[in-house]
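Just below is one structure, and these are the notes that go with it.
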Protein chains: 4
Amino acid sequence: MIKAAVLGATGYAGIELVRLLTNHPEVNIEILGSQSFAGKPISDVYQNFRHILEKECSEVDLDEAAKCDVAFTALPHGASKEVIPALLEKGLKVIDLSGDYRYDDAAVYEEWYGEKHSSPELLKESVYGLPELHREKIRGARLIGNPGCYTTCSILGAAPLLANKIAETKNIIVDAKSGVTGAGRGLKLQNSFCECTENSKAYKVTNHRHTSEIEQELSNIAGEKIMISFTPHLIPQKRGILSTIYVNLNRESSVEELTQMYKDFYKDEFFVRVKEVGDLPETKHVAGSNFVDIGVCYDKRLQRAVVVSSLDNIVKGAAGQAVQNMNILFGLDEKTALSNAGFYL
Amino acid sequence: MIKAAVLGATGYAGIELVRLLTNHPEVNIEILGSQSFAGKPISDVYQNFRHILEKECSEVDLDEAAKCDVAFTALPHGASKEVIPALLEKGLKVIDLSGDYRYDDAAVYEEWYGEKHSSPELLKESVYGLPELHREKIRGARLIGNPGCYTTCSILGAAPLLANKIAETKNIIVDAKSGVTGAGRGLKLQNSFCECTENSKAYKVTNHRHTSEIEQELSNIAGEKIMISFTPHLIPQKRGILSTIYVNLNRESSVEELTQMYKDFYKDEFFVRVKEVGDLPETKHVAGSNFVDIGVCYDKRLQRAVVVSSLDNIVKGAAGQAVQNMNILFGLDEKTALSNAGFYL
Amino acid sequence: MIKAAVLGATGYAGIELVRLLTNHPEVNIEILGSQSFAGKPISDVYQNFRHILEKECSEVDLDEAAKCDVAFTALPHGASKEVIPALLEKGLKVIDLSGDYRYDDAAVYEEWYGEKHSSPELLKESVYGLPELHREKIRGARLIGNPGCYTTCSILGAAPLLANKIAETKNIIVDAKSGVTGAGRGLKLQNSFCECTENSKAYKVTNHRHTSEIEQELSNIAGEKIMISFTPHLIPQKRGILSTIYVNLNRESSVEELTQMYKDFYKDEFFVRVKEVGDLPETKHVAGSNFVDIGVCYDKRLQRAVVVSSLDNIVKGAAGQAVQNMNILFGLDEKTALSNAGFYL
Amino acid sequence: MIKAAVLGATGYAGIELVRLLTNHPEVNIEILGSQSFAGKPISDVYQNFRHILEKECSEVDLDEAAKCDVAFTALPHGASKEVIPALLEKGLKVIDLSGDYRYDDAAVYEEWYGEKHSSPELLKESVYGLPELHREKIRGARLIGNPGCYTTCSILGAAPLLANKIAETKNIIVDAKSGVTGAGRGLKLQNSFCECTENSKAYKVTNHRHTSEIEQELSNIAGEKIMISFTPHLIPQKRGILSTIYVNLNRESSVEELTQMYKDFYKDEFFVRVKEVGDLPETKHVAGSNFVDIGVCYDKRLQRAVVVSSLDNIVKGAAGQAVQNMNILFGLDEKTALSNAGFYL
């Protein structure tokens, strides 16, 4: 059995990890790290876990952690950087859900996060944990920078066009809509029920940090530096991201050709479902599951592809992808504990 | 492996059955019966099943069904009665999600459903499929009348007070609130998003059919004929029932005594979680799981217990309970495919 | 023109008052009192007011307030008691939306609020601001204790049965469901979108403060001391309260008789709409309006009335009722600024 | 008093018209046309209108209609074309909420609607009823083609950039999100509560009819033929549209310059509110009101404006705009019955 520590277990990404790991046949959760709820059973904080997991939360204790094989760090931004080097030293594999270890280049991190990176040397060995693009590197990694929700959705949505050199690399626009779990569990007026329900809005227009993550990965695929417009929106639902991606093409195409191109690109990927021509993703189709659904449209008048991709932001966009990465790291079937159909209802 | 037929697979209870059964290690779904979508893959109708279950729906064919071990009938009211005798003849065990086989007495059925029962002889052998009350009878049954959502929630919420003879049997009131999946997938204006969201209402006040089911079971427990007020309400959420149950007591008590009484009554029941004093159920705690949560309050001024019980209407109130019944029928661990913590988010 | 001060203008009840008063042809809002947003235009805090009301919020200044004719105090509990005596001294009429001046008897207040009342002498002159029951007293009052949302809904729902002496005064049960605006704008995890949506729960079972307000008024109508069960629930919508009220009757009746009894009782009340036999209230029918809708059912088997009443908790249950009271106080048509149909959508 | 007929009064746009007109001091609603509910009081169909408007619905009778001054036609697509010529002949002014009379050129209509236009000669005199752009023409019109919801939001969002010749006319992308009232009241499974809530999706990608309307108006402003990407999305709320508009600029700019440009362009427009730098529209700010809110961002890296515009689809995007047009047609203050702050809550 793999011994796992979940640090930050009582945030929304953390508790989703706990939900997935309690169904994982090869994992024992040894540590439920939580600053705010140390000493309390997790089943008091999230009462859906009663009769399932009654284990107590605890503050992070590195000596305790040392007995684990893997740590998932779902900590507030910044906190990750402090604890992760110590965990690595203790010999754990670390899957970090923050943005701290997702970058090839500390300078990009520092530009978008507005602060110095505290362990830039680790960036060299950390692997961007998007299995569909970096599976081989993940296999041998010690430290995984588990991608964000917006980024996973957007990168996988655009990748086949760039890899197939049919995309014009200018004028790529990603318009993304996210459910409110993406904002985490912290107390903010803007996240209260009465402010969120019956409300939609854009935020951090032109300067959301995930822009730089998407650009890094798309640039790597294209083999040239790509800059995009990325606009996040908040919509009144709990789970789900829907990205609508606009890409001018450098030659005429058709919806049939593009759909086939996507199917070919993802033909070995269980967690990517390319929609049939005429079908489009809905967040309902992916809620509660680790799938990314992608539908492709073609605007003949404008020689432009419009791609819609969707995932559950706290599964494939956070906890599920982390489990997928763990499965790869430990040589398990990548689908273990992740092969369910989601909720729909 | 148990060979299962799900008849009415594309309704909301049906598709939840399919969701649970695809995660069941001992079951193969052989037949996805659907009048409306015969010939279509289930993964076209519910696209969350793509890559998970791509099987085609079909019209009910009794010879095909004959090769199955068990049939779940999640058919529109009335349709069940026509197909079930034939299924039994073919040697299948049948778990029926309609109201047709839940009654001890055809006369009660006929009074509340306003029509003759077509196979009253089967009522004699059919078992009311509430495992917490009738586990032993279920074990040997051929035909299970799987209880409704309101009823399971209400009966389990009131049972310990009656069994312990502390309840006055007059003036029992059950005020229940249900999510909209309870209304099924049929097209009705009143179930449209713009009519349901930001809206709550009572309906079928004083004459909802589930009243009679609750009365039957509570009367059996009490050993006397009980009549109750049962008021169903529709509230703007998908899943979840919350029943608030008012019971006058025949002597003084305390919240501590009552809570202990409930804990004792359900001490061997995995799927019933009695809340600690001061905690109360929330539909969020049970959504997506097979649990019933029950919290007990005591009004000293009025010598009255106020019990709040909650479950997910399409899991413990329909599909999950049906799987639980199947597990019992086939000698499996009752928790198989049902021991997860639900969604919370 | 009536000069009005709204103290606590940026809470949910406060801003609803502002919304209603900006449409009132006889009122000028002179003061928008807000501790948290003093110095900021109200249209920055609630951007829906841009181009409509750009006035700045300010801290309460009693000398400024002195130039007003009426003050609405929508302050956090406790704060009201400190400022109101001063406002009265300055000659203003005061309509208080807190619980502080709703009681005939300071002892009841102190029992349910768990603290001494700071100005019990004012309780003698304050009038319970439910126009449908106390219109004449309101007309001449200086200080109105504007009733709470649950109470208005429940009292008006039960009053005709008690006034007509057809009710048994024991075993009255009020099961109420409220939207989340009722919890106010204060930051609480339990009010965040992801915790509220798809969730329903009971809270403060057997001990909610509004119990005592309902009991006071119902006792006054019945001419005897009445104790009730009152159970509040939180349901996932913004606006709206639905109360389901169970009352045993002391003789046989019929839905037709009871409906007529309600129609007679409220025949002069514009804001009370008794539903036709067979119709029931829905929160959607009252959202955004000052109406109370009441539907009556009769359970012949149990000789019990089941009454469903509904209102918009921040209109008839707070701000709208306050405006209605102001209209009465100043001799205006009671419907002024309140005669609209609500939103429905 | 203006005598008004509302044809299609029981659809969502129709009933919103009725809501607005019942608050209009200069209008009497003479006719509530409704095929489905003829003979029924409107207050039975929409019970929020009880005590406000109890008038009966009726089938359209042209002789009855002849006594009116104005007809609002909120009829299903196609039905408008049949009745409107007759109404005009009877001497009424007609404000049509369908797409039938919004086009300069019947050929464009026929291309996007896939059918012949039945009265192309009327297209010559009909005026596109967007007051902010065509106020003078509206003043003298007999027939107004009242713009759609998506179009009003998108055109007003993009117009200043084109009018100021700072926009590159290629690569304009409009990504729009709409609440579910936009889909009307017709029965469709996809509009049911359980299918809509917690769900978002794109639809009619590359081929939604409103594309052509937006292109017509933007082309007129730019003085050249413009083609755009327009992508509609459905999000789980009742009211509200949010359009995110991407426009490359032909020179460097700044958020301050662009914001000022918008403020200048709309300086005389009460119903257009340009957000201050740093603020962005939210659908909550416009819900229930006739306002369009617009916020402007500038992406320096890409020399691209990102404009967010928002309105209430059934007010400024349908019924409110129709009333605004009526006010202009009849020489009233354009704001009459429309100068409220909306709901927010």
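As shown in the structure tokens, the chain order sets the letters A, B, ...; within each chain, residues go from 1, and ligands are also counted from 1 in the order they appear.
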task = Please provide the set of residues having any atom within 10 Å of A:Ala71, restricted to only C-alpha atoms, with same-chain residues fewer than 3 positions apart removed, written as a count of residues only.
result = 22
With 8 Å as the cut-off and only C-alpha atoms counted, what is the closest atom pair between each nearby residue of chain B and chain A? Distances in Å to one decimal, ordered by chain and number, as a Markdown table.
```
| residue | atom | partner | partner_atom | distance |
| --- | --- | --- | --- | --- |
| B:Arg19 | CA | A:Ala341 | CA | 6.8 |
| B:Thr22 | CA | A:Asn340 | CA | 7.8 |
| B:Asn23 | CA | A:Asn340 | CA | 7.0 |
| B:Tyr46 | CA | A:His285 | CA | 7.5 |
| B:Gln47 | CA | A:His285 | CA | 5.7 |
| B:Asn48 | CA | A:His285 | CA | 4.3 |
| B:Phe49 | CA | A:Ala341 | CA | 5.2 |
| B:Arg50 | CA | A:Arg273 | CA | 7.4 |
| B:His51 | CA | A:Phe270 | CA | 7.1 |
| B:Ile52 | CA | A:Ala341 | CA | 6.3 |
| B:Thr181 | CA | A:Leu345 | CA | 7.8 |
| B:Lys238 | CA | A:Leu345 | CA | 6.7 |
| B:Arg239 | CA | A:Leu345 | CA | 7.5 |
| B:Phe270 | CA | A:His51 | CA | 7.1 |
| B:Arg273 | CA | A:Arg50 | CA | 7.4 |
| B:Lys284 | CA | A:Asn48 | CA | 7.6 |
| B:His285 | CA | A:Asn48 | CA | 4.3 |
| B:Val286 | CA | A:Asn48 | CA | 6.0 |
| B:Gly288 | CA | A:Phe343 | CA | 7.8 |
| B:Ser339 | CA | A:Ile52 | CA | 7.3 |
| B:Asn340 | CA | A:Ile52 | CA | 6.9 |
| B:Ala341 | CA | A:Phe49 | CA | 5.2 |
| B:Gly342 | CA | A:Asn48 | CA | 6.4 |
| B:Phe343 | CA | A:Gly288 | CA | 7.8 |
| B:Tyr344 | CA | A:Asn48 | CA | 6.6 |
| B:Leu345 | CA | A:Lys238 | CA | 6.7 |
```
N, CA, C and O atoms of the current selection, written as a short mmCIF file (atom, residue, chain, number, x, y, z; two decimals), in the first residue's frame:
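Contents of out28.cif, as written:
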```cif
data_model
loop_
_atom_site.label_atom_id
_atom_site.label_comp_id
_atom_site.auth_asym_id
_atom_site.auth_seq_id
_atom_site.Cartn_x
_atom_site.Cartn_y
_atom_site.Cartn_z
N ARG B 19 -25.04 4.11 -12.97
CA ARG B 19 -23.83 4.68 -12.39
C ARG B 19 -23.28 3.81 -11.26
O ARG B 19 -22.09 3.51 -11.21
N THR B 22 -22.06 0.22 -12.63
CA THR B 22 -20.78 0.20 -13.37
C THR B 22 -19.59 0.20 -12.41
O THR B 22 -18.49 -0.15 -12.80
N ASN B 23 -19.80 0.61 -11.18
CA ASN B 23 -18.73 0.54 -10.18
C ASN B 23 -18.82 -0.71 -9.31
O ASN B 23 -18.06 -0.85 -8.36
N TYR B 46 -26.58 9.84 -22.06
CA TYR B 46 -25.87 10.42 -20.92
C TYR B 46 -24.39 10.39 -21.26
O TYR B 46 -23.71 9.39 -21.05
N GLN B 47 -23.90 11.53 -21.75
CA GLN B 47 -22.55 11.51 -22.33
C GLN B 47 -21.46 11.39 -21.25
O GLN B 47 -20.29 11.21 -21.59
N ASN B 48 -21.83 11.49 -20.00
CA ASN B 48 -20.85 11.21 -18.95
C ASN B 48 -20.40 9.75 -18.96
O ASN B 48 -19.37 9.42 -18.38
N PHE B 49 -21.14 8.88 -19.63
CA PHE B 49 -20.76 7.47 -19.68
C PHE B 49 -19.81 7.12 -20.82
O PHE B 49 -19.41 5.97 -20.94
N ARG B 50 -19.48 8.10 -21.64
CA ARG B 50 -18.52 7.78 -22.72
C ARG B 50 -17.21 7.28 -22.09
O ARG B 50 -16.77 7.77 -21.06
N HIS B 51 -16.62 6.31 -22.72
CA HIS B 51 -15.38 5.62 -22.27
C HIS B 51 -15.63 4.72 -21.06
O HIS B 51 -14.71 4.08 -20.59
N ILE B 52 -16.85 4.70 -20.54
CA ILE B 52 -17.15 3.90 -19.36
C ILE B 52 -18.12 2.79 -19.72
O ILE B 52 -17.90 1.63 -19.41
N THR B 181 -34.79 16.12 -8.82
CA THR B 181 -34.66 14.80 -9.47
C THR B 181 -35.80 13.89 -9.06
O THR B 181 -36.16 12.99 -9.81
N LYS B 238 -30.97 19.65 -6.99
CA LYS B 238 -31.17 18.42 -7.75
C LYS B 238 -31.47 17.25 -6.84
O LYS B 238 -32.48 16.59 -6.95
N ARG B 239 -30.54 17.00 -5.93
CA ARG B 239 -30.59 15.80 -5.10
C ARG B 239 -30.90 16.17 -3.66
O ARG B 239 -30.54 17.23 -3.20
N PHE B 270 -24.69 0.34 8.89
CA PHE B 270 -23.65 1.16 8.28
C PHE B 270 -24.24 2.40 7.61
O PHE B 270 -23.66 3.48 7.65
N ARG B 273 -26.52 7.12 9.86
CA ARG B 273 -25.57 7.85 10.70
C ARG B 273 -26.35 8.78 11.62
O ARG B 273 -26.94 9.76 11.15
N LYS B 284 -26.34 18.07 1.80
CA LYS B 284 -24.97 18.04 1.29
C LYS B 284 -24.15 16.89 1.88
O LYS B 284 -23.22 16.39 1.24
N HIS B 285 -24.45 16.50 3.09
CA HIS B 285 -23.69 15.43 3.74
C HIS B 285 -24.00 14.05 3.15
O HIS B 285 -23.23 13.12 3.34
N VAL B 286 -25.13 13.92 2.51
CA VAL B 286 -25.53 12.61 2.00
C VAL B 286 -25.57 12.55 0.47
O VAL B 286 -25.66 11.45 -0.10
N GLY B 288 -25.11 11.91 -3.17
CA GLY B 288 -24.25 10.99 -3.90
C GLY B 288 -23.90 9.74 -3.13
O GLY B 288 -23.17 8.89 -3.65
N SER B 339 -19.95 2.08 -0.60
CA SER B 339 -19.24 2.64 0.56
C SER B 339 -18.38 3.82 0.15
O SER B 339 -17.17 3.80 0.26
N ASN B 340 -19.03 4.85 -0.33
CA ASN B 340 -18.28 6.07 -0.64
C ASN B 340 -18.93 7.23 0.10
O ASN B 340 -20.06 7.13 0.59
N ALA B 341 -18.19 8.30 0.16
CA ALA B 341 -18.57 9.41 1.04
C ALA B 341 -19.53 10.41 0.40
O ALA B 341 -19.92 11.38 1.03
N GLY B 342 -19.91 10.17 -0.84
CA GLY B 342 -20.75 11.16 -1.51
C GLY B 342 -19.93 12.32 -2.02
O GLY B 342 -18.70 12.30 -1.97
N PHE B 343 -20.64 13.34 -2.53
CA PHE B 343 -19.95 14.43 -3.25
C PHE B 343 -19.54 15.59 -2.35
O PHE B 343 -18.50 16.17 -2.54
N TYR B 344 -20.41 15.97 -1.45
CA TYR B 344 -20.29 17.22 -0.70
C TYR B 344 -20.27 18.40 -1.67
O TYR B 344 -21.16 19.24 -1.64
N LEU B 345 -19.27 18.47 -2.53
CA LEU B 345 -19.19 19.60 -3.48
C LEU B 345 -19.81 19.21 -4.81
O LEU B 345 -19.83 18.06 -5.15
#
```
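Computed from the coordinates, the atom CA of A:Gly186 to atom CA of A:Gly14 distance equals 13.0 Å.
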inquiry  = For a test of reading the model, state the distance in Å between atom CA of D:Arg142 and atom CA of D:Ser126, rounded to one decimal.
reply    =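 A separation of 7.1 Å between them.
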request  = Could you give me the residues within stretch 270-338 of chain A that DSSP places in strand (DSSP E), as a PyMOL selection string?
outcome  = chain A and resi 272-274+292-299+304-311
ask   = Any idea what's packed within 12 Å of B:Thr231, counting only C-alpha atoms, ignoring anything in its chain fewer than 2 positions away? Could you give it as an MDAnalysis selection string?
value = (chainID B and resid 150:151 154 172:178 201:211 214 228:229 233:234 242:245) or (chainID C and resid 175 243:246 297:299 305:308)
key: Coordinates-based distance that separates atom CA of B:Ile226 from atom CA of C:Glu252 (Å, one decimal)   =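 One can read the atom CA of C:Glu252 to atom CA of B:Ile226 distance as 19.7 Å.
With only C-alpha atoms taken into account, the protein and nucleic acid residues at most 8 Å from A:Leu17 (excluding it and anything under 4 positions from it in its own chain) are Val6, Ala9, Ala13, Leu21, Ala319, Gly320, Ala322 and Val323 of chain A.
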Go ahead and save the picked residues with N, CA, C and O atoms, as a compact mmCIF listing (two decimals), in the first residue's frame.
```txt
# COMPACT_ATOMS: atom_id res chain seq x y z
N VAL A 6 -1.85 13.98 2.86
CA VAL A 6 -2.54 15.07 2.16
C VAL A 6 -2.39 16.32 3.02
O VAL A 6 -2.97 16.40 4.10
N ALA A 9 -5.71 19.30 3.72
CA ALA A 9 -6.77 18.32 3.41
C ALA A 9 -8.17 18.90 3.53
O ALA A 9 -9.12 18.31 3.02
N ALA A 13 -9.77 21.46 -2.79
CA ALA A 13 -8.97 20.51 -3.56
C ALA A 13 -8.53 19.37 -2.65
O ALA A 13 -8.55 18.20 -3.04
N LEU A 21 -8.99 9.36 -2.78
CA LEU A 21 -8.05 8.41 -2.19
C LEU A 21 -8.74 7.37 -1.31
O LEU A 21 -8.28 6.24 -1.20
N ALA A 319 -7.53 17.53 -7.97
CA ALA A 319 -7.32 16.30 -7.20
C ALA A 319 -7.23 15.05 -8.07
O ALA A 319 -6.41 14.16 -7.83
N GLY A 320 -8.08 14.95 -9.07
CA GLY A 320 -8.07 13.76 -9.92
C GLY A 320 -6.77 13.67 -10.70
O GLY A 320 -6.16 12.59 -10.79
N ALA A 322 -4.00 14.87 -9.78
CA ALA A 322 -2.95 14.52 -8.81
C ALA A 322 -2.92 13.02 -8.57
O ALA A 322 -1.85 12.41 -8.49
N VAL A 323 -4.10 12.40 -8.48
CA VAL A 323 -4.14 10.94 -8.31
C VAL A 323 -3.63 10.25 -9.57
O VAL A 323 -2.88 9.27 -9.50
```
ask   = Please, which residues of stretch 131-204 of chain D, numbered as in this document, come out helix (DSSP H, G or I) from DSSP, as an NGL selection string?
value = :D and (131-139 or 149-163 or 180-183 or 189-191 or 193-196)
Would you save the residues of that selection, restricted to C-alpha atoms, as a PDB file, in the first residue's frame?
```
ATOM      1  CA  PRO D 131     -32.134  53.620 -29.321  1.00  0.00           C
ATOM      2  CA  GLU D 132     -28.509  54.243 -28.476  1.00  0.00           C
ATOM      3  CA  LEU D 133     -27.693  53.982 -32.186  1.00  0.00           C
ATOM      4  CA  HIS D 134     -30.935  54.761 -34.012  1.00  0.00           C
ATOM      5  CA  ARG D 135     -32.950  57.062 -31.801  1.00  0.00           C
ATOM      6  CA  GLU D 136     -33.887  59.519 -34.505  1.00  0.00           C
ATOM      7  CA  LYS D 137     -35.142  56.918 -36.923  1.00  0.00           C
ATOM      8  CA  ILE D 138     -37.093  55.196 -34.177  1.00  0.00           C
ATOM      9  CA  ARG D 139     -38.930  58.417 -33.377  1.00  0.00           C
ATOM     10  CA  CYS D 149     -30.568  40.116 -26.224  1.00  0.00           C
ATOM     11  CA  TYR D 150     -27.199  38.876 -27.416  1.00  0.00           C
ATOM     12  CA  THR D 151     -27.087  41.513 -30.099  1.00  0.00           C
ATOM     13  CA  THR D 152     -27.852  44.531 -27.934  1.00  0.00           C
ATOM     14  CA  CYS D 153     -25.196  43.451 -25.490  1.00  0.00           C
ATOM     15  CA  SER D 154     -22.580  42.768 -28.126  1.00  0.00           C
ATOM     16  CA  ILE D 155     -23.206  45.730 -30.421  1.00  0.00           C
ATOM     17  CA  LEU D 156     -23.162  48.298 -27.640  1.00  0.00           C
ATOM     18  CA  GLY D 157     -20.046  46.636 -26.233  1.00  0.00           C
ATOM     19  CA  ALA D 158     -18.094  46.930 -29.471  1.00  0.00           C
ATOM     20  CA  ALA D 159     -19.523  50.088 -31.069  1.00  0.00           C
ATOM     21  CA  PRO D 160     -17.212  52.743 -29.586  1.00  0.00           C
ATOM     22  CA  LEU D 161     -14.058  50.980 -30.783  1.00  0.00           C
ATOM     23  CA  LEU D 162     -15.382  50.805 -34.317  1.00  0.00           C
ATOM     24  CA  ALA D 163     -16.832  54.289 -34.352  1.00  0.00           C
ATOM     25  CA  VAL D 180     -31.905  30.308 -19.333  1.00  0.00           C
ATOM     26  CA  THR D 181     -34.850  32.702 -19.734  1.00  0.00           C
ATOM     27  CA  GLY D 182     -33.248  33.400 -23.098  1.00  0.00           C
ATOM     28  CA  ALA D 183     -34.438  29.983 -24.211  1.00  0.00           C
ATOM     29  CA  LEU D 189     -35.652  18.550 -21.797  1.00  0.00           C
ATOM     30  CA  GLN D 190     -32.450  20.545 -22.043  1.00  0.00           C
ATOM     31  CA  ASN D 191     -34.149  23.423 -20.212  1.00  0.00           C
ATOM     32  CA  PHE D 193     -33.934  22.196 -13.861  1.00  0.00           C
ATOM     33  CA  CYS D 194     -31.945  19.009 -13.394  1.00  0.00           C
ATOM     34  CA  GLU D 195     -30.337  19.348 -16.801  1.00  0.00           C
ATOM     35  CA  CYS D 196     -29.512  23.061 -16.491  1.00  0.00           C
TER      36      CYS D 196
END
```
